[in-house]
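Containing TSV, C-alpha atoms: target26.tsv.
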chain	number	residue	atom	x	y	z
A	8	MET	CA	7.71	18.72	-23.89
A	9	ALA	CA	10.24	20.77	-21.94
A	10	LEU	CA	7.80	21.13	-19.03
A	11	ILE	CA	7.11	17.41	-18.67
A	12	ASP	CA	10.84	16.67	-18.94
A	13	HIS	CA	11.44	19.19	-16.15
A	14	PHE	CA	8.77	17.45	-14.08
A	15	PHE	CA	10.44	14.05	-14.50
A	16	THR	CA	13.87	15.54	-13.76
A	17	ARG	CA	12.57	16.70	-10.39
A	18	ALA	CA	10.40	13.65	-9.74
A	19	VAL	CA	12.77	10.77	-10.55
A	20	LYS	CA	16.08	10.42	-8.69
A	21	ARG	CA	15.93	6.72	-7.80
A	22	GLY	CA	15.36	4.17	-10.56
A	23	GLU	CA	15.57	4.59	-14.31
A	24	LEU	CA	12.69	6.09	-16.30
A	25	THR	CA	12.96	6.49	-20.07
A	26	VAL	CA	10.35	8.63	-21.81
A	27	ILE	CA	9.82	8.45	-25.57
A	28	HIS	CA	7.89	11.51	-26.74
A	29	ALA	CA	5.31	11.57	-29.52
A	30	ASP	CA	7.89	13.05	-31.91
A	31	GLY	CA	10.20	10.07	-31.33
A	32	SER	CA	12.74	11.85	-29.14
A	33	ALA	CA	13.71	10.11	-25.90
A	34	ARG	CA	15.13	11.14	-22.54
A	35	SER	CA	16.15	9.15	-19.51
A	36	PHE	CA	15.75	10.22	-15.88
A	37	GLY	CA	17.07	8.99	-12.56
A	38	ALA	CA	19.76	6.43	-11.83
A	39	PRO	CA	19.84	2.64	-11.48
A	40	ASP	CA	18.44	1.31	-8.22
A	41	ALA	CA	18.48	-2.35	-7.22
A	42	ASP	CA	15.06	-2.02	-5.61
A	43	LEU	CA	13.32	-0.46	-8.61
A	44	ALA	CA	12.92	-2.05	-12.02
A	45	PRO	CA	13.72	0.24	-14.99
A	46	VAL	CA	10.67	1.51	-16.86
A	47	THR	CA	10.23	2.87	-20.39
A	48	ILE	CA	7.07	4.73	-21.41
A	49	ARG	CA	6.01	6.15	-24.76
A	50	PHE	CA	3.63	9.05	-25.39
A	51	THR	CA	1.54	8.52	-28.52
A	52	HIS	CA	0.03	12.03	-28.53
A	53	PRO	CA	1.68	15.40	-27.91
A	54	SER	CA	-0.99	16.41	-25.35
A	55	VAL	CA	-0.08	13.66	-22.86
A	56	GLY	CA	2.53	15.70	-21.04
A	57	ARG	CA	0.13	18.60	-20.55
A	58	HIS	CA	-2.58	16.24	-19.31
A	59	ILE	CA	-0.22	14.75	-16.72
A	60	LEU	CA	1.04	18.15	-15.56
A	61	THR	CA	-2.50	19.46	-15.13
A	62	ASP	CA	-3.41	16.65	-12.73
A	63	PRO	CA	-0.69	13.96	-12.41
A	64	ALA	CA	-2.89	11.14	-11.02
A	65	LEU	CA	-5.90	11.63	-13.30
A	66	GLY	CA	-3.81	12.66	-16.29
A	67	ALA	CA	-1.54	9.62	-16.10
A	68	ALA	CA	-4.51	7.30	-15.51
A	69	GLU	CA	-6.59	8.55	-18.42
A	70	SER	CA	-3.61	8.66	-20.76
A	71	PHE	CA	-2.85	5.05	-19.82
A	72	MET	CA	-6.50	4.03	-20.23
A	73	ASP	CA	-6.75	5.71	-23.64
A	74	GLY	CA	-3.56	4.14	-24.98
A	75	GLN	CA	-1.75	7.48	-25.13
A	76	LEU	CA	0.74	6.46	-22.44
A	77	VAL	CA	2.16	3.10	-23.49
A	78	ILE	CA	4.51	1.15	-21.25
A	79	GLU	CA	7.27	-0.33	-23.39
A	80	ARG	CA	9.32	-1.83	-20.56
A	81	GLY	CA	7.78	-2.86	-17.24
A	82	ASP	CA	4.10	-2.46	-16.39
A	83	ILE	CA	1.83	0.07	-14.72
A	84	LEU	CA	2.77	-1.18	-11.26
A	85	ALA	CA	6.48	-0.77	-12.01
A	86	LEU	CA	5.85	2.78	-13.23
A	87	LEU	CA	3.77	3.83	-10.22
A	88	ARG	CA	6.15	2.09	-7.82
A	89	LEU	CA	9.10	3.97	-9.33
A	90	MET	CA	7.33	7.33	-9.16
A	91	THR	CA	6.05	6.95	-5.60
A	92	ALA	CA	9.32	5.51	-4.29
A	93	ASN	CA	10.80	8.88	-5.14
A	94	ASN	CA	8.28	10.73	-2.98
A	95	ARG	CA	7.56	8.46	-0.02
A	96	TRP	CA	5.14	9.78	2.56
A	97	GLU	CA	7.51	9.41	5.49
A	98	ASP	CA	10.33	11.19	3.67
A	99	LYS	CA	8.32	14.43	3.71
A	100	THR	CA	9.67	15.67	0.41
A	101	GLY	CA	6.40	17.34	-0.48
A	102	ASN	CA	7.89	19.22	-3.42
A	103	LEU	CA	5.55	17.62	-5.93
A	104	THR	CA	2.28	18.61	-4.29
A	105	PRO	CA	-0.18	20.64	-6.39
A	106	GLY	CA	-0.28	24.41	-6.11
A	107	ALA	CA	-2.45	26.40	-3.73
A	108	PHE	CA	-5.20	27.03	-6.30
A	109	ARG	CA	-5.43	23.33	-7.22
A	110	ARG	CA	-5.54	22.33	-3.53
A	111	ALA	CA	-8.29	24.87	-2.81
A	112	PHE	CA	-10.29	23.74	-5.86
A	113	ASP	CA	-9.95	20.06	-4.90
A	114	ASN	CA	-10.94	20.74	-1.30
A	115	VAL	CA	-14.20	22.38	-2.36
A	116	ARG	CA	-14.96	19.77	-5.02
A	117	PHE	CA	-14.30	16.74	-2.84
A	118	ARG	CA	-15.98	18.11	0.26
A	119	LEU	CA	-19.12	18.60	-1.80
A	120	ASP	CA	-18.78	15.09	-3.21
A	121	ARG	CA	-18.31	13.58	0.26
A	122	VAL	CA	-21.72	14.82	1.42
A	123	ASN	CA	-22.95	11.30	0.86
A	124	MET	CA	-26.71	11.56	1.35
A	125	ALA	CA	-28.73	8.36	1.64
A	126	ARG	CA	-30.28	8.79	-1.80
A	127	ARG	CA	-26.78	8.84	-3.36
A	128	SER	CA	-25.24	6.09	-1.25
A	129	LYS	CA	-26.93	3.22	-3.05
A	130	ARG	CA	-25.97	4.61	-6.46
A	131	ASN	CA	-22.37	5.11	-5.37
A	132	VAL	CA	-22.14	1.56	-4.02
A	133	ALA	CA	-23.67	0.11	-7.19
A	134	HIS	CA	-21.06	1.92	-9.32
A	135	HIS	CA	-18.36	-0.33	-7.89
A	136	TYR	CA	-19.87	-3.37	-6.20
A	137	ASP	CA	-22.53	-4.23	-8.77
A	138	LEU	CA	-19.95	-4.98	-11.44
A	139	SER	CA	-19.92	-8.49	-12.87
A	140	ALA	CA	-19.55	-11.18	-10.22
A	141	ARG	CA	-17.16	-12.87	-12.62
A	142	LEU	CA	-14.76	-9.93	-12.35
A	143	TYR	CA	-14.40	-10.34	-8.58
A	144	ASP	CA	-14.02	-14.09	-8.92
A	145	LEU	CA	-10.98	-13.50	-11.12
A	146	PHE	CA	-8.87	-11.66	-8.55
A	147	LEU	CA	-10.35	-12.20	-5.07
A	148	ASP	CA	-10.15	-15.31	-2.90
A	149	ALA	CA	-12.96	-17.86	-3.07
A	150	ASP	CA	-14.77	-16.16	-0.15
A	151	ARG	CA	-14.65	-12.82	-2.00
A	152	GLN	CA	-13.06	-10.92	0.87
A	153	TYR	CA	-12.71	-7.47	-0.69
A	154	SER	CA	-10.71	-5.86	2.09
A	155	MET	CA	-7.26	-6.12	3.65
A	156	ALA	CA	-6.05	-9.64	4.39
A	157	TYR	CA	-3.98	-10.31	7.52
A	158	PHE	CA	-0.56	-11.76	6.81
A	159	THR	CA	0.92	-13.48	9.84
A	160	ASP	CA	3.65	-14.37	7.33
A	161	PRO	CA	4.11	-12.37	4.09
A	162	ALA	CA	4.67	-15.70	2.31
A	163	ASN	CA	1.16	-16.92	3.14
A	164	SER	CA	-1.39	-17.45	0.39
A	165	LEU	CA	-4.16	-14.91	-0.10
A	166	GLU	CA	-6.68	-17.52	1.01
A	167	GLN	CA	-4.84	-18.15	4.28
A	168	ALA	CA	-4.39	-14.45	4.95
A	169	GLN	CA	-8.07	-13.71	4.42
A	170	LEU	CA	-9.02	-16.53	6.76
A	171	ASP	CA	-6.59	-15.14	9.33
A	172	LYS	CA	-8.14	-11.67	8.87
A	173	LYS	CA	-11.54	-13.01	9.84
A	174	ALA	CA	-10.06	-14.72	12.91
A	175	HIS	CA	-8.23	-11.51	13.88
A	176	ILE	CA	-11.46	-9.52	13.77
A	177	ALA	CA	-13.62	-12.18	15.40
A	178	ALA	CA	-11.21	-12.39	18.33
A	179	LYS	CA	-11.59	-8.66	19.00
A	180	LEU	CA	-15.37	-8.99	19.05
A	181	ALA	CA	-15.26	-11.38	22.02
A	182	ILE	CA	-18.48	-13.09	20.93
A	183	GLN	CA	-20.18	-15.32	23.49
A	184	PRO	CA	-22.75	-18.10	22.84
A	185	GLY	CA	-26.23	-16.82	22.10
A	186	MET	CA	-25.16	-13.36	20.99
A	187	SER	CA	-26.50	-11.42	18.02
A	188	VAL	CA	-24.23	-9.63	15.53
A	189	LEU	CA	-24.87	-6.86	13.03
A	190	ASP	CA	-22.51	-6.74	10.02
A	191	ILE	CA	-22.68	-3.26	8.46
A	192	GLY	CA	-21.55	-3.41	4.85
A	193	CYS	CA	-21.51	-7.20	4.75
A	194	GLY	CA	-20.13	-7.57	1.23
A	195	TRP	CA	-20.75	-11.02	-0.21
A	196	GLY	CA	-21.44	-12.45	3.24
A	197	GLY	CA	-18.16	-14.16	4.08
A	198	MET	CA	-17.59	-12.48	7.45
A	199	ALA	CA	-21.16	-13.06	8.63
A	200	LEU	CA	-21.03	-16.74	7.69
A	201	TYR	CA	-17.63	-17.12	9.37
A	202	LEU	CA	-18.83	-15.55	12.63
A	203	HIS	CA	-21.83	-17.86	12.79
A	204	GLU	CA	-19.75	-20.93	11.95
A	205	LYS	CA	-17.12	-20.19	14.60
A	206	THR	CA	-19.26	-18.79	17.42
A	207	GLY	CA	-22.87	-19.83	16.76
A	208	ALA	CA	-23.98	-16.20	16.84
A	209	GLU	CA	-27.02	-15.09	14.87
A	210	VAL	CA	-25.93	-12.51	12.30
A	211	LEU	CA	-27.71	-9.85	10.28
A	212	GLY	CA	-25.71	-8.51	7.36
A	213	VAL	CA	-26.78	-5.30	5.61
A	214	THR	CA	-25.60	-3.99	2.25
A	215	LEU	CA	-26.62	-1.51	-0.43
A	216	SER	CA	-25.40	-3.72	-3.28
A	217	GLU	CA	-28.08	-5.85	-4.94
A	218	GLU	CA	-25.44	-8.13	-6.48
A	219	GLN	CA	-23.73	-8.70	-3.14
A	220	LEU	CA	-27.09	-9.41	-1.51
A	221	LYS	CA	-27.86	-12.17	-4.02
A	222	VAL	CA	-24.53	-13.89	-3.44
A	223	ALA	CA	-24.70	-13.54	0.35
A	224	ARG	CA	-28.19	-15.02	0.55
A	225	ALA	CA	-27.21	-17.87	-1.76
A	226	GLY	CA	-24.22	-18.59	0.48
A	227	ALA	CA	-26.40	-18.77	3.58
A	228	GLU	CA	-28.83	-21.09	1.81
A	229	ALA	CA	-26.01	-23.34	0.58
A	230	ALA	CA	-24.60	-23.56	4.10
A	231	GLY	CA	-28.03	-24.37	5.52
A	232	VAL	CA	-27.94	-21.40	7.92
A	233	ALA	CA	-30.36	-18.97	6.29
A	234	GLY	CA	-32.41	-18.93	9.49
A	235	LYS	CA	-29.40	-17.86	11.55
A	236	VAL	CA	-27.52	-15.66	9.08
A	237	ARG	CA	-29.76	-13.17	7.32
A	238	PHE	CA	-28.94	-10.52	4.76
A	239	GLU	CA	-30.95	-7.41	3.93
A	240	LEU	CA	-30.74	-4.61	1.36
A	241	ILE	CA	-30.94	-1.67	3.75
A	242	ASP	CA	-29.00	1.44	4.71
A	243	TYR	CA	-27.44	1.12	8.17
A	244	ARG	CA	-29.33	4.28	9.18
A	245	HIS	CA	-32.60	2.38	8.87
A	246	VAL	CA	-31.67	-0.71	10.89
A	247	THR	CA	-33.71	-1.18	14.07
A	248	GLY	CA	-33.32	-3.29	17.22
A	249	GLN	CA	-30.26	-3.97	19.35
A	250	PHE	CA	-27.26	-6.23	18.87
A	251	ASP	CA	-24.61	-7.61	21.19
A	252	ARG	CA	-21.91	-7.03	18.62
A	253	ILE	CA	-21.42	-4.86	15.53
A	254	VAL	CA	-18.73	-5.42	12.91
A	255	SER	CA	-18.06	-3.22	9.91
A	256	VAL	CA	-15.25	-3.98	7.48
A	257	GLY	CA	-14.42	-1.75	4.51
A	258	MET	CA	-17.67	0.19	4.61
A	259	PHE	CA	-16.66	3.30	6.58
A	260	GLU	CA	-14.78	4.63	3.54
A	261	HIS	CA	-18.19	5.24	1.94
A	262	VAL	CA	-19.80	7.09	4.86
A	263	GLY	CA	-18.27	10.55	4.34
A	264	PRO	CA	-17.04	12.89	7.11
A	265	ALA	CA	-20.31	14.81	7.15
A	266	HIS	CA	-21.98	11.63	8.44
A	267	TYR	CA	-19.42	10.23	10.88
A	268	ARG	CA	-21.35	11.50	13.89
A	269	THR	CA	-24.55	9.97	12.47
A	270	PHE	CA	-22.75	6.67	11.92
A	271	PHE	CA	-21.34	6.39	15.43
A	272	ALA	CA	-24.53	7.61	17.08
A	273	LYS	CA	-26.51	4.97	15.20
A	274	CYS	CA	-24.03	2.23	16.10
A	275	ARG	CA	-24.18	3.18	19.77
A	276	GLU	CA	-27.97	3.12	19.61
A	277	LEU	CA	-27.94	-0.35	18.00
A	278	LEU	CA	-25.61	-1.84	20.64
A	279	THR	CA	-26.83	-3.42	23.85
A	280	PRO	CA	-25.51	-1.79	27.07
A	281	ASP	CA	-22.65	-4.32	27.16
A	282	GLY	CA	-22.21	-4.32	23.39
A	283	VAL	CA	-18.93	-4.20	21.47
A	284	MET	CA	-18.16	-2.90	17.97
A	285	LEU	CA	-15.17	-3.49	15.70
A	286	LEU	CA	-14.61	-0.98	12.90
A	287	HIS	CA	-12.10	-1.82	10.16
A	288	THR	CA	-11.28	0.91	7.66
A	289	ILE	CA	-8.57	2.20	5.36
A	290	GLY	CA	-7.16	5.37	6.87
A	291	ARG	CA	-4.76	8.23	6.30
A	292	ALA	CA	-1.56	8.13	8.32
A	293	GLY	CA	-1.53	11.94	8.38
A	294	GLY	CA	-4.24	14.56	8.64
A	295	PRO	CA	-7.44	15.07	6.64
A	296	GLY	CA	-7.12	15.20	2.86
A	297	VAL	CA	-9.11	14.83	-0.33
A	298	THR	CA	-9.95	11.90	-2.58
A	299	ASP	CA	-7.79	11.89	-5.69
A	300	ALA	CA	-9.62	12.75	-8.91
A	301	PHE	CA	-9.08	9.34	-10.55
A	302	THR	CA	-10.62	7.42	-7.64
A	303	ALA	CA	-13.54	9.83	-7.31
A	304	LYS	CA	-14.32	9.74	-11.03
A	305	TYR	CA	-13.78	6.09	-11.91
A	306	ILE	CA	-13.63	3.89	-8.81
A	307	PHE	CA	-15.41	5.09	-5.66
A	308	PRO	CA	-17.63	8.13	-6.28
A	309	GLY	CA	-18.56	9.59	-2.93
A	310	GLY	CA	-15.78	7.68	-1.20
A	311	TYR	CA	-13.30	9.19	1.24
A	312	ILE	CA	-10.46	7.70	3.28
A	313	PRO	CA	-10.47	9.23	6.77
A	314	ALA	CA	-7.67	10.45	8.97
A	315	LEU	CA	-7.67	9.03	12.49
A	316	SER	CA	-8.40	12.52	13.83
A	317	GLU	CA	-11.59	12.67	11.74
A	318	ILE	CA	-12.75	9.30	13.03
A	319	LEU	CA	-12.13	10.38	16.62
A	320	ARG	CA	-14.08	13.60	16.14
A	321	GLY	CA	-16.95	11.50	14.82
A	322	HIS	CA	-17.57	9.82	18.18
A	323	GLU	CA	-16.50	12.52	20.60
A	324	GLU	CA	-19.21	13.49	23.10
A	325	LEU	CA	-21.22	10.34	22.35
A	326	ARG	CA	-20.11	8.57	25.58
A	327	PHE	CA	-18.73	5.77	23.42
A	328	PHE	CA	-15.54	4.13	24.72
A	329	LEU	CA	-12.73	3.64	22.22
A	330	THR	CA	-11.18	0.55	23.79
A	331	ASP	CA	-8.54	-0.56	21.30
A	332	VAL	CA	-6.76	0.81	18.22
A	333	GLU	CA	-4.52	-1.16	15.86
A	334	VAL	CA	-2.64	0.37	12.94
A	335	LEU	CA	-1.89	-2.11	10.15
A	336	ARG	CA	0.77	-0.66	7.85
A	337	LEU	CA	1.80	-3.31	5.33
A	338	HIS	CA	-0.96	-5.91	5.17
A	339	TYR	CA	-3.02	-4.20	2.48
A	340	GLY	CA	0.05	-3.79	0.28
A	341	HIS	CA	0.60	-7.56	0.39
A	342	THR	CA	-3.12	-8.09	-0.31
A	343	LEU	CA	-3.13	-5.78	-3.31
A	344	GLN	CA	-0.06	-7.46	-4.75
A	345	HIS	CA	-2.03	-10.73	-4.86
A	346	TRP	CA	-5.03	-8.99	-6.41
A	347	TYR	CA	-2.89	-7.22	-9.01
A	348	ASP	CA	-1.06	-10.41	-9.98
A	349	ARG	CA	-4.34	-12.29	-10.35
A	350	ALA	CA	-5.92	-9.50	-12.41
A	351	MET	CA	-2.90	-9.39	-14.72
A	352	ALA	CA	-3.06	-13.16	-15.17
A	353	ALA	CA	-6.77	-12.86	-16.02
A	354	ARG	CA	-6.29	-10.12	-18.62
A	355	ASP	CA	-8.07	-11.97	-21.45
A	356	GLN	CA	-11.08	-12.81	-19.27
A	357	ILE	CA	-11.43	-9.25	-17.95
A	358	VAL	CA	-11.14	-7.76	-21.43
A	359	ALA	CA	-13.78	-10.21	-22.63
A	360	LEU	CA	-16.09	-9.11	-19.79
A	361	TYR	CA	-15.58	-5.39	-20.50
A	362	ASP	CA	-12.86	-4.04	-22.82
A	363	GLU	CA	-9.20	-2.98	-22.94
A	364	ARG	CA	-9.91	0.43	-21.43
A	365	PHE	CA	-11.66	-1.10	-18.43
A	366	PHE	CA	-8.75	-3.49	-17.90
A	367	ALA	CA	-6.31	-0.59	-17.98
A	368	MET	CA	-8.48	1.37	-15.53
A	369	TRP	CA	-8.81	-1.59	-13.16
A	370	THR	CA	-5.12	-2.44	-13.11
A	371	TYR	CA	-4.24	1.25	-12.63
A	372	TYR	CA	-6.60	1.27	-9.64
A	373	LEU	CA	-5.06	-1.86	-8.10
A	374	ALA	CA	-1.50	-0.73	-8.77
A	375	GLY	CA	-2.17	2.79	-7.50
A	376	SER	CA	-3.75	1.45	-4.33
A	377	LEU	CA	-0.82	-0.91	-3.78
A	378	VAL	CA	1.83	1.82	-3.96
A	379	SER	CA	-0.30	4.05	-1.71
A	380	PHE	CA	0.31	1.50	1.04
A	381	GLU	CA	3.93	0.84	0.05
A	382	ASN	CA	5.06	4.42	-0.37
A	383	GLY	CA	2.06	6.68	0.27
A	384	GLY	CA	0.22	7.68	3.41
A	385	LEU	CA	-2.40	4.93	3.62
A	386	VAL	CA	-2.77	2.39	6.44
A	387	ASN	CA	-5.58	0.32	7.92
A	388	TYR	CA	-7.19	1.04	11.26
A	389	GLN	CA	-9.05	-1.42	13.44
A	390	LEU	CA	-10.92	0.36	16.21
A	391	GLN	CA	-12.85	-1.36	18.98
A	392	TYR	CA	-15.68	0.38	20.83
A	393	CYS	CA	-18.03	-0.43	23.68
A	394	ARG	CA	-20.73	1.37	25.61
A	395	SER	CA	-19.65	0.13	29.04
A	396	ARG	CA	-16.14	0.32	30.50
A	397	THR	CA	-16.68	-3.13	32.07
A	398	ALA	CA	-17.84	-4.90	28.90
A	399	LEU	CA	-14.39	-6.31	28.07
A	400	PRO	CA	-11.40	-7.73	29.98
A	401	ILE	CA	-8.93	-5.11	31.16
A	402	THR	CA	-5.99	-6.58	29.20
A	403	ARG	CA	-5.69	-7.60	25.55
A	404	ASP	CA	-4.76	-11.21	26.38
A	405	TYR	CA	-8.23	-12.46	25.44
A	406	MET	CA	-7.71	-11.34	21.84
A	407	ALA	CA	-4.57	-13.40	21.31
A	408	GLU	CA	-6.05	-16.43	23.07
A	409	GLU	CA	-9.25	-16.38	21.01
A	410	GLU	CA	-7.39	-15.72	17.76
A	411	ALA	CA	-5.15	-18.73	18.41
A	412	ARG	CA	-8.24	-20.85	19.07
A	413	LEU	CA	-9.97	-19.72	15.92
A	414	ARG	CA	-6.91	-20.24	13.75
A	415	SER	CA	-6.36	-23.74	15.12
Before anything else, please render the file you have as structure tokens.
Amino acid sequence: MALIDHFFTRAVKRGELTVIHADGSARSFGAPDADLAPVTIRFTHPSVGRHILTDPALGAAESFMDGQLVIERGDILALLRLMTANNRWEDKTGNLTPGAFRRAFDNVRFRLDRVNMARRSKRNVAHHYDLSARLYDLFLDADRQYSMAYFTDPANSLEQAQLDKKAHIAAKLAIQPGMSVLDIGCGWGGMALYLHEKTGAEVLGVTLSEEQLKVARAGAEAAGVAGKVRFELIDYRHVTGQFDRIVSVGMFEHVGPAHYRTFFAKCRELLTPDGVMLLHTIGRAGGPGVTDAFTAKYIFPGGYIPALSEILRGHEELRFFLTDVEVLRLHYGHTLQHWYDRAMAARDQIVALYDERFFAMWTYYLAGSLVSFENGGLVNYQLQYCRSRTALPITRDYMAEEEARLRS
């Protein structure tokens, strides 16, 4: 008990955290802060403190999931927001990082896990994306865009922001009439259908999720464009032919650093000589790291969020022009706030689909992701590539002009 109290004494300076131990004793930490709601938590088992100290992210998550860490005042988002606000990435406090042995152990474990061979990729994708379609309907927009929305105004609805995200990406692709597009990791098909609707391009979407494939194909049939927008259950490494444009949104996080060179080499091979690619991925604002134990165990096995330096090394020496880079700092935080609020409002439905433990796990995942963008070192990168230096205009004006046209 003394050790966990010492941890909270060091960890909480801003905001008020009250901890009620399993023996009924209580201690408060920190000081009132107008930007942080006060939080009270209760430990229902004496081992909770030790579990958290052993691995703070996984220990807190599993204790919360198992009902051994109960939030008496506030919610899981308020707790994680309070804790991470006290150790913001840009403040470089760094005094709460794990010890050298833990870092070395995690580096070995996660580097092994990130060797994401083709035979494991489909299983890893199914772990997350083949969950009940009803679950995603409860917290995503109607188009099931399961990636960062683009908020031209933070007050915009999630639906508007996701529509604006598609326009933002489409504008960077500079699609011309008659072109063909490959969508790597097409999700439920919304981006592919949007690109065809707005530009007339023929689109092939590929995914490793059988559930996503069913929805995407049904969407193309319902729109009457199944002959122009096709979806296939295939690994990107096995796609053949050439395409004028390639788009990939939210899939690169599942590739793994060991396969970045393979990914970029394959994309270059699939592009026509004047082809253009737009890659959208979550990224680390700092250098390479490791996937936290909670995410690797429960959410995205085999997943890894890359540093920009790792992405750049992936396409070095491939004669592939990196023509534009955009760093989006706050948009995913706004997106996740909408998802979290919708999931909380749909508590009864989610519990009915799965159970209380799953609901706790899912809301911990959404809340943890949200604060990683608010206070942690996560951002989004949009990177544009082309094979030829003359494939695109020499200024960025065309992007803004096309985005304005698409949004109108």
Next on the checklist: Taking 2 positions as the minimum chain separation for residues in the same chain, which residues sit within 6 Å of Gly310 of chain A when counting only C-alpha atoms? Answer as number ranges by chain.
Outcome noted: A: 260-261, 307-308
Using all atoms listed in the file, which protein or nucleic acid residues come within 8 Å of Thr25 of chain A? Drop anything in the same chain fewer than 2 positions from it, and give the result as a PDB file with C-alpha atoms, keeping the file's coordinate frame.
ATOM      1  CA  GLU A  23      15.570   4.590 -14.310  1.00  0.00           C
ATOM      2  CA  ILE A  27       9.820   8.450 -25.570  1.00  0.00           C
ATOM      3  CA  ALA A  33      13.710  10.110 -25.900  1.00  0.00           C
ATOM      4  CA  ARG A  34      15.130  11.140 -22.540  1.00  0.00           C
ATOM      5  CA  SER A  35      16.150   9.150 -19.510  1.00  0.00           C
ATOM      6  CA  PHE A  36      15.750  10.220 -15.880  1.00  0.00           C
ATOM      7  CA  VAL A  46      10.670   1.510 -16.860  1.00  0.00           C
ATOM      8  CA  THR A  47      10.230   2.870 -20.390  1.00  0.00           C
ATOM      9  CA  ILE A  48       7.070   4.730 -21.410  1.00  0.00           C
TER      10      ILE A  48
END
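What separates atom CA of Leu329 of chain A from atom CA of His245 of chain A is a distance of 24.0 Å.
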Let me have the centre and edge lengths of the axis-aligned box enclosing all listed atoms of segment 333-337 of chain A with 5 Å padding on every side, in Å to one decimal, as JSON.
{"center_x": -1.4, "center_y": -1.5, "center_z": 10.6, "size_x": 16.3, "size_y": 13.7, "size_z": 20.5}
Next on the checklist: as a list in words, please: the residues near Arg275 of chain A (cut-off 8 Å, only C-alpha atoms, same-chain neighbours under 4 positions excluded).
Outcome noted: Phe271, Phe327 and Arg394 of chain A
Item to check | Contacts of segment 362-364 of chain A within 12 Å, only C-alpha atoms, excl. fewer than 2 positions in-chain, as a PyMOL selection string | outcome: chain A and resi 68-75+305+354-360+366-371
Selection above as a file: C-alpha atoms, as a short mmCIF file (atom, residue, chain, number, x, y, z; two decimals), in the coordinates of the input:
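Below you can see again22.cif, which holds the result:
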data_model
loop_
_atom_site.label_atom_id
_atom_site.label_comp_id
_atom_site.auth_asym_id
_atom_site.auth_seq_id
_atom_site.Cartn_x
_atom_site.Cartn_y
_atom_site.Cartn_z
CA ALA A 68 -4.51 7.30 -15.51
CA GLU A 69 -6.59 8.55 -18.42
CA SER A 70 -3.61 8.66 -20.76
CA PHE A 71 -2.85 5.05 -19.82
CA MET A 72 -6.50 4.03 -20.23
CA ASP A 73 -6.75 5.71 -23.64
CA GLY A 74 -3.56 4.14 -24.98
CA GLN A 75 -1.75 7.48 -25.13
CA TYR A 305 -13.78 6.09 -11.91
CA ARG A 354 -6.29 -10.12 -18.62
CA ASP A 355 -8.07 -11.97 -21.45
CA GLN A 356 -11.08 -12.81 -19.27
CA ILE A 357 -11.43 -9.25 -17.95
CA VAL A 358 -11.14 -7.76 -21.43
CA ALA A 359 -13.78 -10.21 -22.63
CA LEU A 360 -16.09 -9.11 -19.79
CA PHE A 366 -8.75 -3.49 -17.90
CA ALA A 367 -6.31 -0.59 -17.98
CA MET A 368 -8.48 1.37 -15.53
CA TRP A 369 -8.81 -1.59 -13.16
CA THR A 370 -5.12 -2.44 -13.11
CA TYR A 371 -4.24 1.25 -12.63
#
Checklist entry - Any idea what's packed within 12 Å of Glu239 of chain A, counting all atoms listed in the file, ignoring anything in its chain fewer than 4 positions away? Could you give it as a PyMOL selection string? => result chain A and resi 189-196+210-224+233+243+245-246
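Candidate residues A:Ala225, A:Leu377, A:Tyr311, A:Pro295 were compared for distance to Val262 of chain A, and the nearest is A:Tyr311, using only C-alpha atoms.
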Next on the checklist: As an exercise, work out the distance from atom CA of Tyr157 of chain A to atom CA of Leu170 of chain A in Å and give it to one decimal place.
Outcome noted: 8.0 Å
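For the choices A:Glu381, A:Asp404, A:Asp348, A:Asp242, the atom-to-atom distance to Met90 of chain A is smallest for A:Glu381 when using all atoms listed in the file.
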Next on the checklist: So, with all atoms listed in the file as the atoms that count, which of A:Glu209, A:Ala272, A:Ala29, A:Ser316 lies closest to Phe238 of chain A?
Outcome noted: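 Among the listed residues, the smallest separation from Phe238 of chain A belongs to A:Glu209.
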Item to check | Computed interatomic separation between atom CA of Met198 of chain A and atom CA of Pro400 of chain A (Å) | outcome: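 Between atom CA of Met198 of chain A and atom CA of Pro400 of chain A the gap works out to 23.8 Å.
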Item to check | Pick from A:Tyr339, A:Tyr153, A:Phe380, A:Tyr347 nearest to Met258 of chain A, counting all atoms listed in the file | outcome: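 Between A:Tyr339, A:Tyr153, A:Phe380, A:Tyr347, the residue approaching Met258 of chain A most closely is A:Tyr153.
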Checklist entry - Which residue, A:Glu276, A:Asp171, A:Glu204, A:Asp299, has the smallest gap to Ser379 of chain A when you use all atoms listed in the file? => result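 Going through A:Glu276, A:Asp171, A:Glu204, A:Asp299 one by one, the smallest distance to Ser379 of chain A is for A:Asp299.
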Next on the checklist: Given the point (-14.9, -3.3, 16.5) in the coordinates of this file, which residues lie within 8 Å, counting only C-alpha atoms, and how would they look as a list in words?
Outcome noted: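 Within 8 Å of (-14.9, -3.3, 16.5), the protein and nucleic acid residues are Ile176, Lys179, Leu180, Ile253, Val254, Ser255, Val283, Met284, Leu285, Leu286, His287, Gln389, Leu390, Gln391 and Tyr392 of chain A.
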Checklist entry - Pick the closest to Met406 of chain A from A:Ala67, A:Ala174, A:Ala300, A:Ala314: which is it, counting all atoms listed in the file? => result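 Among the listed residues, the smallest separation from Met406 of chain A belongs to A:Ala174.
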Next on the checklist: From (10.1, 0.7, -7.4), in the file's coordinates, out to 9 Å: which residues are reached, counting only C-alpha atoms? Answer as a ChimeraX atom specification.
Outcome noted: /A:21-22,40-45,84-93
